[in-house]
Structures are given as structure tokens and as C-alpha cells.
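Worksheet: one structure, shown below.
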Amino acid sequence: MVRHNNVIPNGHWKKKWQFRVKTWFNQPARKLRRRNARAEKARALFPRPTAGPLRPVVRGQTIKYNMKQKLGRGFSLEELKEAGIPRKLAPSIGISVDHRRRNRSLESLQENVNRLKAYKSNLVVFPRHRNAKKPKAMDASAEERSTASQLKGSLMPVTKAAPTL
């Protein structure tokens, strides 16, 4: 609805329309540049997973979303303690830590502890120094390191449990 006694708008956009057109010719090159940057980042991260650190499974906060599970910020200190992983070691082996998080239910605590244990069982830790004389306790052997491959895609995604009757 028109308000007040104004001039009826009729734009005169015929002159020099070429200056007002936004082109998108750089889209294919930008797509290629982004893809190459992702590949370069994956090469730099090798042998670590491309998806980043392992994250816990948490529930949404409000009544509307608390039936849904998603990936949280980091594992609580209690979960790390149950899994037998020191809190200072966790970030160095690709496990995110959130010192503010508290476990309010035993089920979620157990679920995340099992998640940590499964991750730890599949973990291949490369030695910090290539030509170290004596390997550390968690370091992988030479044959394990030669067979290690980089995990692409999401790291241990949230799986929906089948309903039981």
C-alpha cells in the first residue's frame, strides 16, 4: 500500500546496466581452489582424521530437542577418567575436552566412555620423533604405522539406536 503523496517509483535503469550486473564467472575457479585447499589441509593433517577431534554424543537442551542426539563440544573430565585417559593427553591424541561439562545421567556417561574406548582401540599413535631410540608406551609399532590410513569423512558419527519393545 502506497503511503503519503510521493512520486510513483519508476526506475530508469536502462543506461549503463552493465555496471550494475553482478557476474559469477569466478565460481568454477573458486570451487577448484577450495577443493585443492581441502586436499592440502588433509595432506598436512595426515595421519590424523580430516574431520577433526573426536567429540561426545550429547542431547539437545530443551524439551523440543532433547530426544535428538548430536555431537557435543568435548568429553567431560569424568568420562576421560572412566576411560583411563589423562586429561592432558586427550587433546594430543585427537580427543576434544570440555572441562565445564557435567554428566547428569549414567547412561550418557557409559555411552561416551564406550565411545572413547572404541576410539582408543583403533588409534595408531605415531612417535613424536621419527628416529627415537626407545618408543613411548602408546606409540605404534613400525608395521602398524605402515598400514595406517587417514580417515576421511565424519569420525565415529552418531548412530541412531533401533527401538526395542
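In the C-alpha cells, chains take the letters A, B, ... in the order shown, each chain's residues start at 1, and ligands count up from 1 in the order shown.
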
Within 6 Å of Gly74 of chain A, counting only C-alpha atoms, which residues qualify if same-chain residues fewer than 4 places away don't, as a list in words?
Arg55, Pro56, Ser96, Val97 and Asp98 of chain A

File dump, residues just selected, all heavy atoms, as a PDB file, in the first residue's frame:
```pdb
ATOM      1  N   ARG A  55      34.418 -36.189  19.262  1.00  0.00           N
ATOM      2  CA  ARG A  55      33.506 -35.413  20.103  1.00  0.00           C
ATOM      3  C   ARG A  55      32.470 -36.341  20.739  1.00  0.00           C
ATOM      4  O   ARG A  55      32.141 -37.382  20.182  1.00  0.00           O
ATOM      5  CB  ARG A  55      32.828 -34.322  19.292  1.00  0.00           C
ATOM      6  CG  ARG A  55      33.851 -33.355  18.710  1.00  0.00           C
ATOM      7  CD  ARG A  55      33.253 -32.066  18.256  1.00  0.00           C
ATOM      8  NE  ARG A  55      34.261 -31.196  17.687  1.00  0.00           N
ATOM      9  CZ  ARG A  55      35.013 -30.372  18.405  1.00  0.00           C
ATOM     10  NH1 ARG A  55      34.886 -30.313  19.702  1.00  0.00           N
ATOM     11  NH2 ARG A  55      35.901 -29.599  17.818  1.00  0.00           N
ATOM     12  N   PRO A  56      31.943 -35.957  21.915  1.00  0.00           N
ATOM     13  CA  PRO A  56      30.982 -36.835  22.598  1.00  0.00           C
ATOM     14  C   PRO A  56      29.589 -36.752  21.987  1.00  0.00           C
ATOM     15  O   PRO A  56      29.280 -35.815  21.246  1.00  0.00           O
ATOM     16  CB  PRO A  56      30.970 -36.278  24.023  1.00  0.00           C
ATOM     17  CG  PRO A  56      31.251 -34.833  23.836  1.00  0.00           C
ATOM     18  CD  PRO A  56      32.229 -34.752  22.692  1.00  0.00           C
ATOM     19  N   SER A  96      38.591 -34.206  21.958  1.00  0.00           N
ATOM     20  CA  SER A  96      38.265 -32.871  22.469  1.00  0.00           C
ATOM     21  C   SER A  96      37.792 -32.976  23.915  1.00  0.00           C
ATOM     22  O   SER A  96      37.109 -33.926  24.295  1.00  0.00           O
ATOM     23  CB  SER A  96      37.194 -32.209  21.599  1.00  0.00           C
ATOM     24  OG  SER A  96      36.052 -33.009  21.563  1.00  0.00           O
ATOM     25  N   VAL A  97      38.165 -31.981  24.718  1.00  0.00           N
ATOM     26  CA  VAL A  97      37.868 -31.974  26.153  1.00  0.00           C
ATOM     27  C   VAL A  97      37.098 -30.706  26.488  1.00  0.00           C
ATOM     28  O   VAL A  97      37.459 -29.622  26.044  1.00  0.00           O
ATOM     29  CB  VAL A  97      39.170 -32.037  26.989  1.00  0.00           C
ATOM     30  CG1 VAL A  97      38.865 -32.036  28.467  1.00  0.00           C
ATOM     31  CG2 VAL A  97      39.980 -33.254  26.621  1.00  0.00           C
ATOM     32  N   ASP A  98      36.034 -30.845  27.277  1.00  0.00           N
ATOM     33  CA  ASP A  98      35.279 -29.705  27.785  1.00  0.00           C
ATOM     34  C   ASP A  98      35.230 -29.816  29.302  1.00  0.00           C
ATOM     35  O   ASP A  98      34.481 -30.639  29.841  1.00  0.00           O
ATOM     36  CB  ASP A  98      33.864 -29.695  27.189  1.00  0.00           C
ATOM     37  CG  ASP A  98      33.089 -28.440  27.555  1.00  0.00           C
ATOM     38  OD1 ASP A  98      33.676 -27.535  28.179  1.00  0.00           O
ATOM     39  OD2 ASP A  98      31.896 -28.366  27.205  1.00  0.00           O
TER      40      ASP A  98
END
```

Those of segment 39-124 of chain A in DSSP alpha helix (DSSP H), formatted as a count of residues only
31

Considering only C-alpha atoms, state which residue in the set A:Pro28, A:Pro86, A:Pro53, A:Pro135 is at the smallest distance from Gly72 of chain A.
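Under the stated criterion, the closest residue is A:Pro53.
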
Counting only C-alpha atoms, which residue out of A:Asn112, A:Ser76, A:Ser149, A:Ser154 sits closest to Val124 of chain A?
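Closest to Val124 of chain A of all the choices is A:Ser149.
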
For Arg145 of chain A, work out the shell of residues within 7 Å, counting only C-alpha atoms and skipping chain neighbours fewer than 3 positions away, then give it as number ranges by chain.
A: 124, 126, 140-142, 148

I need the residues from that last selection saved to file as an mmCIF file, in the first residue's frame (with N, CA and C atoms), if you can.
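What ended up in selection35.cif:
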```cif
data_model
loop_
_atom_site.group_PDB
_atom_site.id
_atom_site.type_symbol
_atom_site.label_atom_id
_atom_site.label_comp_id
_atom_site.auth_asym_id
_atom_site.auth_seq_id
_atom_site.Cartn_x
_atom_site.Cartn_y
_atom_site.Cartn_z
ATOM 1 N N VAL A 124 46.104 -45.318 16.237
ATOM 2 C CA VAL A 124 47.503 -45.607 15.909
ATOM 3 C C VAL A 124 48.285 -44.326 16.196
ATOM 4 N N PHE A 126 51.553 -42.229 16.191
ATOM 5 C CA PHE A 126 52.877 -42.132 15.585
ATOM 6 C C PHE A 126 53.836 -41.535 16.613
ATOM 7 N N ALA A 140 52.812 -46.629 18.273
ATOM 8 C CA ALA A 140 52.527 -47.812 17.465
ATOM 9 C C ALA A 140 53.825 -48.402 16.917
ATOM 10 N N SER A 141 53.777 -49.680 16.584
ATOM 11 C CA SER A 141 54.950 -50.338 16.024
ATOM 12 C C SER A 141 55.107 -49.940 14.551
ATOM 13 N N ALA A 142 56.224 -50.321 13.963
ATOM 14 C CA ALA A 142 56.525 -49.935 12.581
ATOM 15 C C ALA A 142 55.518 -50.522 11.597
ATOM 16 N N ALA A 148 48.685 -47.828 8.500
ATOM 17 C CA ALA A 148 47.730 -46.789 8.925
ATOM 18 C C ALA A 148 47.263 -45.978 7.724
#
```

Give me every strand (DSSP E) residue in chain A, going by DSSP on the backbone, as a CSV table (one decimal) with C-alpha atoms, in the first residue's frame.
```csv
chain,number,residue,atom,x,y,z
A,57,VAL,CA,27.4,-37.7,21.9
A,58,VAL,CA,25.0,-35.3,23.8
A,59,ARG,CA,21.3,-34.5,23.8
A,69,GLN,CA,21.3,-36.7,19.9
A,70,LYS,CA,24.2,-34.7,18.4
A,71,LEU,CA,27.9,-34.2,18.7
```

Here is a test: counting only C-alpha atoms, which residue of A:Met156, A:Leu77, A:Ile93, A:Asp139 is nearest to Arg48 of chain A?
A:Ile93

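Closest approach to Glu111 of chain A among A:Leu165, A:Ala90, A:Glu79, A:Thr23: A:Glu79, based on only C-alpha atoms.
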
Please identify all polymer residues within 9 Å of Asn103 of chain A, counting only C-alpha atoms, omitting same-chain residues fewer than 2 positions from it, and present them as a PDB file with all heavy atoms, in the first residue's frame.
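Saved as out.pdb:
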```pdb
ATOM      1  N   SER A  76      33.669 -34.828  29.051  1.00  0.00           N
ATOM      2  CA  SER A  76      33.847 -34.327  30.416  1.00  0.00           C
ATOM      3  C   SER A  76      35.051 -35.004  31.056  1.00  0.00           C
ATOM      4  O   SER A  76      35.508 -36.058  30.606  1.00  0.00           O
ATOM      5  CB  SER A  76      32.584 -34.585  31.240  1.00  0.00           C
ATOM      6  OG  SER A  76      32.429 -35.967  31.446  1.00  0.00           O
ATOM      7  N   GLU A  78      35.123 -36.459  33.854  1.00  0.00           N
ATOM      8  CA  GLU A  78      34.692 -37.727  34.453  1.00  0.00           C
ATOM      9  C   GLU A  78      34.713 -38.859  33.427  1.00  0.00           C
ATOM     10  O   GLU A  78      35.131 -39.978  33.722  1.00  0.00           O
ATOM     11  CB  GLU A  78      33.287 -37.560  35.040  1.00  0.00           C
ATOM     12  CG  GLU A  78      32.859 -38.708  35.918  1.00  0.00           C
ATOM     13  CD  GLU A  78      31.452 -38.512  36.467  1.00  0.00           C
ATOM     14  OE1 GLU A  78      30.875 -37.427  36.273  1.00  0.00           O
ATOM     15  OE2 GLU A  78      30.939 -39.466  37.075  1.00  0.00           O
ATOM     16  N   GLU A  79      34.272 -38.550  32.191  1.00  0.00           N
ATOM     17  CA  GLU A  79      34.283 -39.557  31.126  1.00  0.00           C
ATOM     18  C   GLU A  79      35.713 -39.977  30.785  1.00  0.00           C
ATOM     19  O   GLU A  79      35.990 -41.165  30.586  1.00  0.00           O
ATOM     20  CB  GLU A  79      33.598 -38.989  29.874  1.00  0.00           C
ATOM     21  CG  GLU A  79      32.105 -38.851  30.017  1.00  0.00           C
ATOM     22  CD  GLU A  79      31.478 -37.988  28.954  1.00  0.00           C
ATOM     23  OE1 GLU A  79      32.204 -37.300  28.215  1.00  0.00           O
ATOM     24  OE2 GLU A  79      30.239 -37.983  28.871  1.00  0.00           O
ATOM     25  N   ARG A 101      31.703 -29.398  31.208  1.00  0.00           N
ATOM     26  CA  ARG A 101      30.589 -30.332  31.068  1.00  0.00           C
ATOM     27  C   ARG A 101      30.474 -31.256  32.260  1.00  0.00           C
ATOM     28  O   ARG A 101      31.479 -31.723  32.794  1.00  0.00           O
ATOM     29  CB  ARG A 101      30.786 -31.151  29.784  1.00  0.00           C
ATOM     30  CG  ARG A 101      29.477 -31.390  29.066  1.00  0.00           C
ATOM     31  CD  ARG A 101      29.679 -32.074  27.750  1.00  0.00           C
ATOM     32  NE  ARG A 101      28.931 -33.318  27.827  1.00  0.00           N
ATOM     33  CZ  ARG A 101      29.451 -34.510  27.726  1.00  0.00           C
ATOM     34  NH1 ARG A 101      30.727 -34.675  27.520  1.00  0.00           N
ATOM     35  NH2 ARG A 101      28.705 -35.562  27.831  1.00  0.00           N
ATOM     36  N   SER A 105      23.588 -38.082  33.808  1.00  0.00           N
ATOM     37  CA  SER A 105      22.978 -39.413  33.770  1.00  0.00           C
ATOM     38  C   SER A 105      24.053 -40.465  33.538  1.00  0.00           C
ATOM     39  O   SER A 105      25.052 -40.220  32.844  1.00  0.00           O
ATOM     40  CB  SER A 105      21.920 -39.501  32.672  1.00  0.00           C
ATOM     41  OG  SER A 105      22.522 -39.556  31.414  1.00  0.00           O
ATOM     42  N   LEU A 106      23.815 -41.622  34.102  1.00  0.00           N
ATOM     43  CA  LEU A 106      24.777 -42.722  33.987  1.00  0.00           C
ATOM     44  C   LEU A 106      24.812 -43.280  32.570  1.00  0.00           C
ATOM     45  O   LEU A 106      25.874 -43.700  32.090  1.00  0.00           O
ATOM     46  CB  LEU A 106      24.390 -43.822  34.986  1.00  0.00           C
ATOM     47  CG  LEU A 106      25.407 -44.925  35.199  1.00  0.00           C
ATOM     48  CD1 LEU A 106      26.669 -44.350  35.814  1.00  0.00           C
ATOM     49  CD2 LEU A 106      24.836 -46.005  36.076  1.00  0.00           C
ATOM     50  N   SER A 108      24.407 -41.709  29.599  1.00  0.00           N
ATOM     51  CA  SER A 108      25.227 -40.908  28.678  1.00  0.00           C
ATOM     52  C   SER A 108      26.705 -41.020  29.026  1.00  0.00           C
ATOM     53  O   SER A 108      27.564 -41.027  28.146  1.00  0.00           O
ATOM     54  CB  SER A 108      24.789 -39.443  28.689  1.00  0.00           C
ATOM     55  OG  SER A 108      25.056 -38.863  29.947  1.00  0.00           O
ATOM     56  N   LEU A 109      27.002 -41.145  30.325  1.00  0.00           N
ATOM     57  CA  LEU A 109      28.391 -41.328  30.762  1.00  0.00           C
ATOM     58  C   LEU A 109      28.951 -42.627  30.178  1.00  0.00           C
ATOM     59  O   LEU A 109      30.025 -42.639  29.573  1.00  0.00           O
ATOM     60  CB  LEU A 109      28.469 -41.355  32.288  1.00  0.00           C
ATOM     61  CG  LEU A 109      29.812 -41.726  32.890  1.00  0.00           C
ATOM     62  CD1 LEU A 109      30.766 -40.555  32.815  1.00  0.00           C
ATOM     63  CD2 LEU A 109      29.671 -42.194  34.306  1.00  0.00           C
TER      64      LEU A 109
END
```

Might you pull out every residue within 9 Å of Pro127 of chain A, with only C-alpha atoms counted and same-chain residues fewer than 2 positions away left off, and present them as a ChimeraX atom specification?
/A:125,129-132,135-136,138-140

Residues of the last selection are to be written out with C-alpha atoms, as a tab-separated table (two decimals), in the first residue's frame.
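Written out: selection.tsv:
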```
chain	number	residue	atom	x	y	z
A	125	VAL	CA	49.85	-43.16	17.64
A	129	HIS	CA	60.35	-38.09	16.82
A	130	ARG	CA	60.99	-40.33	13.82
A	131	ASN	CA	64.36	-41.68	14.86
A	132	ALA	CA	63.73	-42.02	18.58
A	135	PRO	CA	59.43	-45.88	21.74
A	136	LYS	CA	56.95	-44.43	24.22
A	138	MET	CA	51.41	-45.57	23.46
A	139	ASP	CA	53.48	-45.41	20.24
A	140	ALA	CA	52.53	-47.81	17.47
```

Distance atom CA of Arg43 of chain A-atom CA of Gln150 of chain A, one decimal place?
9.3 Å

Applying 12 Å and only C-alpha atoms, which residues near Ala42 of chain A remain after dropping the ones on its own chain fewer than 2 positions away? List them as a list in words.
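Within the cut-off, the hits are Arg35, Asn36, Ala37, Arg38, Ala39, Glu40, Ala44, Leu45, Phe46, Pro47, Arg48, Pro49, Thr50, Ala51, Gly52, Ser149, Gln150, Leu151, Lys152 and Gly153 of chain A.
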
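The gap separating atom CA of Ala161 of chain A from atom CA of Glu82 of chain A is 22.9 Å, in Å to one decimal.
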